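Everything on this sheet refers to the single structure shown next.
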Amino acid sequence: MRNAACLLLLVTCLSGCKAKAEAESATANETAQAAQEVRVKPMPPESPPRQPGVFSPYIIGVGLAYFEQLAGVTARRTVDNTKEYRIGRCDIEVRFDDGRVNSLRIPATVECSDFNLNQFLPNYDNAFPPLHQLTQGAFSTETSNAGAFYANCLYACGNAVDPSVYQSWKGAHADRGFEVILETALITEASHDAASAWSGAMMDERGEDWLIDGKFNCTRQYDALAHRLFANVPVSAIQIGYGLPYLAGDVCN
């Protein structure tokens with residue numbers, strides 16, 4: 001009886017150990033299979049770091065060193081807080097402060113067609129044509145004639161100044177509050193005619209000295225007239241960014 005009891009105890013123990021071993025083996029197999037599934041499961045591709053292009057709105061505010069790294073060029077010329085660069089065949093100007101890009105100035109030429117104003121002002125639903133096709137009026141229409149008109153000279157300019165007319169405008173918060181200045185150099189018949197009509201109307205009301213002294217830059221009384229007269233006159237360059245220079249200066253103090 002004693003031997004039989006011992007034998008029964010041994011069989012029971014062996015059966016329990018076998019069951020325990022089988023359970024542990026199954027658990028190990030399940031764990032290994034799960035690990036294999038995790039290992040072979042395809043991972044989503046990593047998004048590349050965002051790197052703005054030279055003509056991107058995100059370039060405003062970056063460091064000059066980073067800008068030059070993206071552009072692959074160094075400045076051709078530096079005057080005060082403005083650097084000049086040639087990007088491909090496009091000559092641009094970069095204004096900076098504390099080593100960071102404040103604004104860009106882009107000529108309205110086919111060579112600079114990589115610049116897209118719609119990227120800077122996305123809330124206008126791609127309303128703006130390429131810069132080399134943009135007129136003062138096309139911009140005025142989309143911005144509800146909200147721009148202010150200035151000029152560096154309109155009368156008795158002499159040879160020391162290249163006369164230009166400027167439309168200055170500031171975007172809403174939705175467009176990151178970008179400031180925009182549209183330049184029109186007075187070098188074509190259309191631009192000369194518009195400028196002459198604008199200055200003539202102001203001279204008739206305010207006189208010659210008022211015009212020579214640039215006092216027209218201190219009032220918005222004649223902006224509506226300028227919007228009409230320059231409606232079909234092409235833009236020759238654009239400045240966009242922050243802290244853009246305005247032309248009123250000391251004449252308005």
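Ligands are numbered from 1 in the order shown, residues from 1 within each chain, and chains are lettered A, B, ... in the order they appear in the structure tokens.
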
inquiry  = List as a list in words the protein and nucleic acid residues near Gln221 in chain A, meaning an atom at most 12 Å away when only C-alpha atoms are counted, but skip any in the same chain fewer than 6 places from it.
reply    = Ala148, Phe149, Tyr150, Trp198, Ala201, Met202, Glu205, Arg206, Lys215 and His227 of chain A

note = Counting only C-alpha atoms, closest pick from A:Thr78, A:Ser164, A:Gln239, A:Asn116 relative to Glu179 in chain A is A:Gln239

note = Between A:Asp97, A:Asp213, A:Asp175, A:Asp162, smallest distance to Gly243 in chain A by only C-alpha atoms belongs to A:Asp97

task = For Phe216 in chain A, work out the shell of residues within 9 Å, counting only C-alpha atoms and skipping chain neighbours fewer than 4 positions away, then give it as a PyMOL selection string.
result = chain A and resi 150-151+199+202+210-211+220-222+248

query = In terms of the shortest atom-to-atom distance over only C-alpha atoms, which of A:Leu186, A:Val79, A:Ala226, A:Leu117 is closest to Ile240 in chain A?
reply = A:Leu117

request  = Pick out each residue of range 19-214 of chain A that DSSP on the backbone tags as alpha helix (DSSP H); I need them as a VMD selection string.
outcome  = chain A and resid 19 to 40 64 to 71 117 to 120 136 to 142 189 to 206 208 to 212

request  = With a distance cut-off of 12 Å and only C-alpha atoms, select the neighbouring residues of Pro122 in chain A, excluding the residue or stretch itself and same-chain residues fewer than 3 positions from it, and output the selection as a list in words.
outcome  = Pro57, Asn116, Leu117, Asn118, Gln119, Asp125, Asn126, Ala127, Phe128, Gly171, Ala172, His173, Ala174, Asp175, Arg176, Gly177 and Phe178 of chain A

message = Could you pull out the strand (DSSP E) residues of range 28-222 of chain A, going by DSSP on the backbone, and write them as number ranges by chain?
response = A: 77-79, 82-87, 90-97, 100-107, 148-151, 164-170, 179-185

key: Nearest residue to Gly147 in chain A from the set A:Ser196, A:Leu225, A:Met203, A:Leu134 (distances using only C-alpha atoms)   = A:Leu225
